[in-house]
Amino acid sequence: MNSSRKPSNPHLQRNLSSEIGLFIALNQEIFAQLLTFVDFAEKFTIGFVEINFPPDAEILVEALKTNPECRDIQFVNMNFSDANLRFLRDEIVNILPSIQIELNKKLVLIVQGLEKSIGVYGDYPPVLQDLNFVRDAYKRTVPYPILFILPDYALTRLAKFAPDFWAWQSGMFRFQTPQVTKDYAINETQNTERIIDRLEPPEKQERIDLLHRLLMEYKPTGHHPTGENLRNCSNILHQLGVAYISKIEPIKAREYLEEAEKIANEFPDSTFYTEVLNTLGDSYSQQRQFDTAIAYYQKSLNISQQLQNPRGEIAALFNLGNAYLDLRQFTQATTFYQQCLEIEQQIDDRYSQAGIYHNLGMVAQDLREFEEARRNYQQALAIKIEFGDRYSSASTYHNLGIVAQDLREFEEARRNYQQALAIFIEFGDRYSQARTYHELGRVAQNLREFEEARRNYQQALAILLEFGDSYSQASTHHQLGRVAQDLREFEEARRNYQQALAIFIEFGDRYSQAHTYHGLGRVAQNLREFEEARRNYQQALAIFIEYGDRHSQASTYGQLGMLAEAEENYAEAKVHLQTALEIYVEYKDEYWGAIAREALERLPVDFDGNKPPI
């Protein structure tokens with residue numbers, strides 16, 4: 001509870017008395033009504049005050065406390081900003097005994113921060129369920145007038161989900177927002193698309209709360225915005241969509257993006273419309289619904305081409321490339337990235353070419369063309385360094401680490417990851433640190449530093465849990481499964497693989513399921529559950545064949561070969577191991593080729609499919 005609190009925003013600290021004067025001048029009539037309410041209110045009486053921004057609420061509280069008409073009133077401010085709050089009455093009752101009521105003064109309670117537990121979406125918030133349920137108890141246990149200061153959206157939800165409590169109100173006071181507050185809020189939300197991904201979850205939520213409050217300014221409950229308010233409204237809706245995507249809440253993002261799309265489609269300037277279409281595509285990509293995402297990106301591209309807007313074309317082409325890369329349709333992805341590159345070269349945009357070279361590196365890497373991948377990443381890195389873009393360099397150092405790792409250059413990989421990690425830490429990008437801790441875990445695992453690997457994976461997992469990224473947790477559970485397997489902790493390995501598999505299935509990531517089925521096959525094989533192992537390997541192999549991933553097929557053929565060897569079915573073992581070796585030779589993979597060759601040489605020389613004679 002805060003009994004008094006100084007305004008926190010810079011524009012309010014310059015001259016509080018001046019800001020109070022401006023706020024009251026804008027809201028003179030409604031403030032007079034509020035003064036009358038607090039003067040006549042007795043015992044348990046409810047007044048609702050609509051103010052969309054906390055700084056203005058703080059000004060109002062100060063205005064009440066310092067107003068001569070309120071000299072016989074003692075205002076006590078109670079701030080309940082815990083998002084998990086459920087039992088408001090209990091909290092108030094616990095605080096009341098600690099209040100020293102001044103002689104000959106009437107106590108009026110001011111409740112703030114309740115919007116945190118009321119929330120923006122979802123049915124029946126627990127705090128409102130309880131508020132409605134224990135309404136009658138307030139008369140007996142809280143015998144004082146209460147002013148609830150809440151933004152528009154919270155009051156709307158209170159009226160909907162606590163209708164009995166809402167019906168007891170004796171006054172409703174809606175205050176207008178001064179322009180200085182709106183300007184400050186707009187300034188705080190500018191460039192959201194570029195920086196929101198780097199924000200910690202609490203800061204990200206603050207940004208979202210601010211956007212919701214701004215939205216209420218341009219689109220109050222029960223009103224349809226027009227003119228400039230309509231444009232401002234669509235921009236805020238789009239920013240909310242971007243913000244919810246950054247929180248990995250694509251379905252919630254679409255609630256705002258689809259509304260923004262309808263509004264933007266009415267504007268004569270379609271540039272903003274193409275941005276909204278791209279972001280809608282991103283929301284579907286996040287759910288791995290790539291066909292729908294591609295349809296939005298293609299629509300954005302078509303409009304940008306009609307408008308002859310090269311930057312719009314680049315954005316849509318880049319997104320199309322990313323979608324096809326995720327679908328492992330590498331030829332298509334390369335085509336779109338190359339088109340991006342051509343347009344950027346035509347408009348002499350050297351800086352943006354770095355992003356294209358980076359993603360062309362990713363394509364080459366997935367095709368196991370590692371030297372080509374390295375060349376593309378190095379081109380990207382050179383441009384980023386040339387333009388002083390230290391932050392973006394981190395992602396390229398990270399991918400250069402993956403290339404080195406794939407080439408079994410583990411110390412080089414570790415150096416690159418550590419460079420990336422240092423930059424992410426320097427820029428406060430905690431979320432991206434998870435990816436690098438994950439890869440450092442893989443390096444340690446390849447070097448058989450299993451406890452170090454586990455520590456890195458657990459650091460990655462903790463960050464992903466903190467940010468609510470369920471999908472990325474799957475890969476880390478998979479790797480923790482591999483560590484446990486290497487340590488012969490087979491049941492622990494199985495648990496982690498099964499967690500990973502459940503997430504991949506939930507998100508429809510069929511390709512990644514193959515690697516986890518492969519891992520589950522190895523666990524079953526180690527436990528001599530040979531039929532279970534075979535089923536898992538065959539599931540993995542079918543998916544790798546479906547996606548045309550021949551190198552991963554070789555790994556599974558190799559395991560099927562060793563499984564057949566363990567069953568003393570040497571003819572089948574030879575067929576599978578020979579297939580694995582041929583693929584490794586095709587990819588010039590000497591390391592795994594040598595392992596397959598060694599396994600073949602280990603098979604008995606004289607066999608016809610049965611166990612050879614002793």
# chains A, B, ... in the order shown; residues from 1 in each chain; ligands from 1
call {"tool": "closest_atom_pairs", "arguments": {"of": "segment 20-123 of chain A", "to": "segment 155-160 of chain A", "cutoff": "12 Å", "atoms": "only C-alpha atoms", "output": "tab-separated table"}}
result
residue	atom	partner	partner_atom	distance
A:Gly47	CA	A:Leu155	CA	11.6
A:Phe48	CA	A:Leu155	CA	8.1
A:Val49	CA	A:Leu155	CA	8.9
A:Glu50	CA	A:Leu155	CA	7.5
A:Ile51	CA	A:Leu155	CA	10.0
A:Asn52	CA	A:Leu155	CA	10.3
A:Leu114	CA	A:Leu155	CA	10.0
A:Glu115	CA	A:Leu155	CA	8.4
A:Ser117	CA	A:Leu158	CA	11.0
A:Ile118	CA	A:Arg157	CA	7.3
A:Gly119	CA	A:Arg157	CA	8.4
A:Val120	CA	A:Arg157	CA	8.0
A:Tyr121	CA	A:Arg157	CA	8.6
A:Gly122	CA	A:Arg157	CA	9.7
A:Asp123	CA	A:Arg157	CA	9.0
call {"tool": "write_last_selection", "arguments": {"atoms": "N, CA and C atoms", "output": "tab-separated table (two decimals), in the first residue's frame"}}
result
chain	number	residue	atom	x	y	z
A	47	GLY	N	-17.43	4.71	-5.76
A	47	GLY	CA	-17.31	5.63	-6.89
A	47	GLY	C	-16.27	5.11	-7.85
A	48	PHE	N	-16.59	5.09	-9.14
A	48	PHE	CA	-15.62	4.65	-10.16
A	48	PHE	C	-15.09	5.87	-10.90
A	49	VAL	N	-13.77	5.92	-11.02
A	49	VAL	CA	-13.11	7.04	-11.69
A	49	VAL	C	-12.37	6.47	-12.90
A	50	GLU	N	-12.72	6.95	-14.10
A	50	GLU	CA	-12.05	6.48	-15.32
A	50	GLU	C	-10.91	7.43	-15.67
A	51	ILE	N	-9.70	6.94	-15.54
A	51	ILE	CA	-8.49	7.66	-15.96
A	51	ILE	C	-7.60	6.63	-16.64
A	52	ASN	N	-7.16	6.90	-17.84
A	52	ASN	CA	-6.46	5.89	-18.63
A	52	ASN	C	-4.97	5.77	-18.34
A	114	LEU	N	-5.67	-1.96	-9.80
A	114	LEU	CA	-6.49	-3.17	-9.92
A	114	LEU	C	-6.57	-3.67	-11.37
A	115	GLU	N	-6.26	-2.79	-12.33
A	115	GLU	CA	-6.31	-3.21	-13.73
A	115	GLU	C	-5.32	-4.33	-14.03
A	117	SER	N	-4.72	-7.04	-12.20
A	117	SER	CA	-5.35	-8.34	-11.96
A	117	SER	C	-6.63	-8.52	-12.77
A	118	ILE	N	-7.26	-7.41	-13.17
A	118	ILE	CA	-8.44	-7.50	-14.04
A	118	ILE	C	-8.03	-7.99	-15.43
A	119	GLY	N	-6.88	-7.52	-15.89
A	119	GLY	CA	-6.36	-7.95	-17.18
A	119	GLY	C	-7.08	-7.32	-18.36
A	120	VAL	N	-6.63	-7.70	-19.54
A	120	VAL	CA	-7.17	-7.13	-20.78
A	120	VAL	C	-8.08	-8.11	-21.50
A	121	TYR	N	-7.83	-9.39	-21.33
A	121	TYR	CA	-8.62	-10.40	-22.04
A	121	TYR	C	-8.78	-11.64	-21.17
A	122	GLY	N	-9.62	-12.54	-21.62
A	122	GLY	CA	-9.93	-13.75	-20.86
A	122	GLY	C	-11.21	-13.57	-20.06
A	123	ASP	N	-11.93	-14.66	-19.86
A	123	ASP	CA	-13.20	-14.59	-19.14
A	123	ASP	C	-13.01	-14.71	-17.64
call {"tool": "residues_around", "arguments": {"residues": "Thr274 of chain A", "least_positions_apart": "4", "cutoff": "7 Å", "atoms": "only C-alpha atoms", "output": "ChimeraX atom specification"}}
result
/A:270,278,300,303
call {"tool": "residues_around", "arguments": {"residues": "segment 420-431 of chain A", "least_positions_apart": "5", "cutoff": "6 Å", "atoms": "only C-alpha atoms", "output": "VMD selection string"}}
result
chain A and resid 198 394 397 to 398
call {"tool": "atom_distance", "arguments": {"atom1": "atom CA of Ala540 of chain A", "atom2": "atom CA of Gln553 of chain A"}}
result
8.2 Å
call {"tool": "residues_around", "arguments": {"residues": "Gly227 of chain A", "least_positions_apart": "3", "cutoff": "12 Å", "atoms": "only C-alpha atoms", "output": "number ranges by chain"}}
result
A: 218-219, 224, 230-234, 263, 266-267
call {"tool": "write_last_selection", "arguments": {"atoms": "all heavy atoms", "output": "compact mmCIF listing (two decimals), in the first residue's frame"}}
result
# COMPACT_ATOMS: atom_id res chain seq x y z
N TYR A 218 -8.27 6.71 -28.20
CA TYR A 218 -8.72 6.90 -29.58
C TYR A 218 -9.94 6.05 -29.92
O TYR A 218 -10.60 6.27 -30.92
CB TYR A 218 -7.57 6.57 -30.54
CG TYR A 218 -6.40 7.49 -30.36
CD1 TYR A 218 -5.18 7.03 -29.86
CD2 TYR A 218 -6.51 8.85 -30.66
CE1 TYR A 218 -4.11 7.89 -29.67
CE2 TYR A 218 -5.43 9.71 -30.48
CZ TYR A 218 -4.25 9.22 -29.99
OH TYR A 218 -3.19 10.08 -29.80
N LYS A 219 -10.21 5.05 -29.06
CA LYS A 219 -11.36 4.19 -29.30
C LYS A 219 -12.02 3.85 -27.96
O LYS A 219 -11.95 2.72 -27.48
CB LYS A 219 -10.93 2.90 -30.01
CG LYS A 219 -12.09 2.06 -30.49
CD LYS A 219 -11.60 0.68 -30.93
CE LYS A 219 -12.78 -0.21 -31.26
NZ LYS A 219 -12.38 -1.60 -31.48
N HIS A 224 -17.06 4.69 -32.00
CA HIS A 224 -16.35 4.29 -33.22
C HIS A 224 -15.47 5.45 -33.66
O HIS A 224 -15.97 6.56 -33.91
CB HIS A 224 -17.33 3.94 -34.34
CG HIS A 224 -16.63 3.46 -35.58
ND1 HIS A 224 -16.03 2.22 -35.65
CD2 HIS A 224 -16.42 4.06 -36.78
CE1 HIS A 224 -15.48 2.07 -36.85
NE2 HIS A 224 -15.71 3.17 -37.55
N LEU A 230 -9.04 7.48 -36.14
CA LEU A 230 -9.11 6.16 -36.77
C LEU A 230 -7.72 5.70 -37.18
O LEU A 230 -7.34 4.54 -36.98
CB LEU A 230 -10.03 6.21 -37.98
CG LEU A 230 -10.39 4.87 -38.63
CD1 LEU A 230 -11.16 4.00 -37.66
CD2 LEU A 230 -11.20 5.09 -39.91
N ARG A 231 -6.93 6.63 -37.74
CA ARG A 231 -5.57 6.29 -38.15
C ARG A 231 -4.71 5.95 -36.93
O ARG A 231 -3.95 4.97 -36.93
CB ARG A 231 -4.95 7.44 -38.95
CG ARG A 231 -3.59 7.11 -39.55
CD ARG A 231 -3.13 8.23 -40.47
NE ARG A 231 -3.89 8.26 -41.70
CZ ARG A 231 -3.59 7.53 -42.78
NH1 ARG A 231 -2.58 6.69 -42.75
NH2 ARG A 231 -4.32 7.63 -43.86
N ASN A 232 -4.82 6.78 -35.88
CA ASN A 232 -4.06 6.50 -34.65
C ASN A 232 -4.47 5.17 -34.05
O ASN A 232 -3.63 4.41 -33.56
CB ASN A 232 -4.29 7.62 -33.63
CG ASN A 232 -3.62 8.92 -34.03
OD1 ASN A 232 -2.59 8.90 -34.68
ND2 ASN A 232 -4.19 10.04 -33.64
N CYS A 233 -5.76 4.90 -34.10
CA CYS A 233 -6.29 3.65 -33.56
C CYS A 233 -5.70 2.45 -34.31
O CYS A 233 -5.26 1.47 -33.69
CB CYS A 233 -7.80 3.66 -33.67
SG CYS A 233 -8.60 2.15 -33.10
N SER A 234 -5.65 2.50 -35.63
CA SER A 234 -5.14 1.38 -36.42
C SER A 234 -3.65 1.17 -36.14
O SER A 234 -3.17 0.03 -36.08
CB SER A 234 -5.37 1.62 -37.92
OG SER A 234 -4.64 2.74 -38.37
N ILE A 263 -9.33 -1.56 -40.76
CA ILE A 263 -9.22 -0.10 -40.79
C ILE A 263 -8.25 0.33 -41.88
O ILE A 263 -8.53 1.23 -42.67
CB ILE A 263 -8.79 0.45 -39.41
CG1 ILE A 263 -9.83 0.10 -38.34
CG2 ILE A 263 -8.58 1.96 -39.48
CD1 ILE A 263 -9.39 0.41 -36.92
N GLU A 266 -9.12 0.72 -45.54
CA GLU A 266 -9.94 1.86 -45.95
C GLU A 266 -9.09 3.08 -46.29
O GLU A 266 -9.59 4.04 -46.87
CB GLU A 266 -10.92 2.23 -44.82
CG GLU A 266 -11.89 1.10 -44.46
CD GLU A 266 -12.73 1.43 -43.24
OE1 GLU A 266 -12.68 2.61 -42.80
OE2 GLU A 266 -13.42 0.54 -42.73
N PHE A 267 -7.80 3.07 -45.93
CA PHE A 267 -6.95 4.23 -46.17
C PHE A 267 -6.53 4.29 -47.64
O PHE A 267 -6.26 3.25 -48.25
CB PHE A 267 -5.68 4.18 -45.32
CG PHE A 267 -5.93 4.24 -43.83
CD1 PHE A 267 -4.99 3.74 -42.94
CD2 PHE A 267 -7.08 4.81 -43.31
CE1 PHE A 267 -5.20 3.79 -41.58
CE2 PHE A 267 -7.31 4.87 -41.96
CZ PHE A 267 -6.37 4.35 -41.08
call {"tool": "residues_around", "arguments": {"residues": "Asn104 of chain A", "least_positions_apart": "5", "cutoff": "10 Å", "atoms": "only C-alpha atoms", "output": "VMD selection string"}}
result
chain A and resid 72 to 74
call {"tool": "residues_around", "arguments": {"residues": "segment 518-533 of chain A", "least_positions_apart": "6", "cutoff": "9 Å", "atoms": "only C-alpha atoms", "output": "list in words"}}
result
His478, Gly481, Arg482, Gln485, Arg488, Phe490, Glu491, Ala493, Arg494, Tyr497, Gln498, Gln539, Ala540, Leu541, Ser555, Thr556, Gln559, Leu560, Leu563, Ala564, Ala566 and Glu567 of chain A
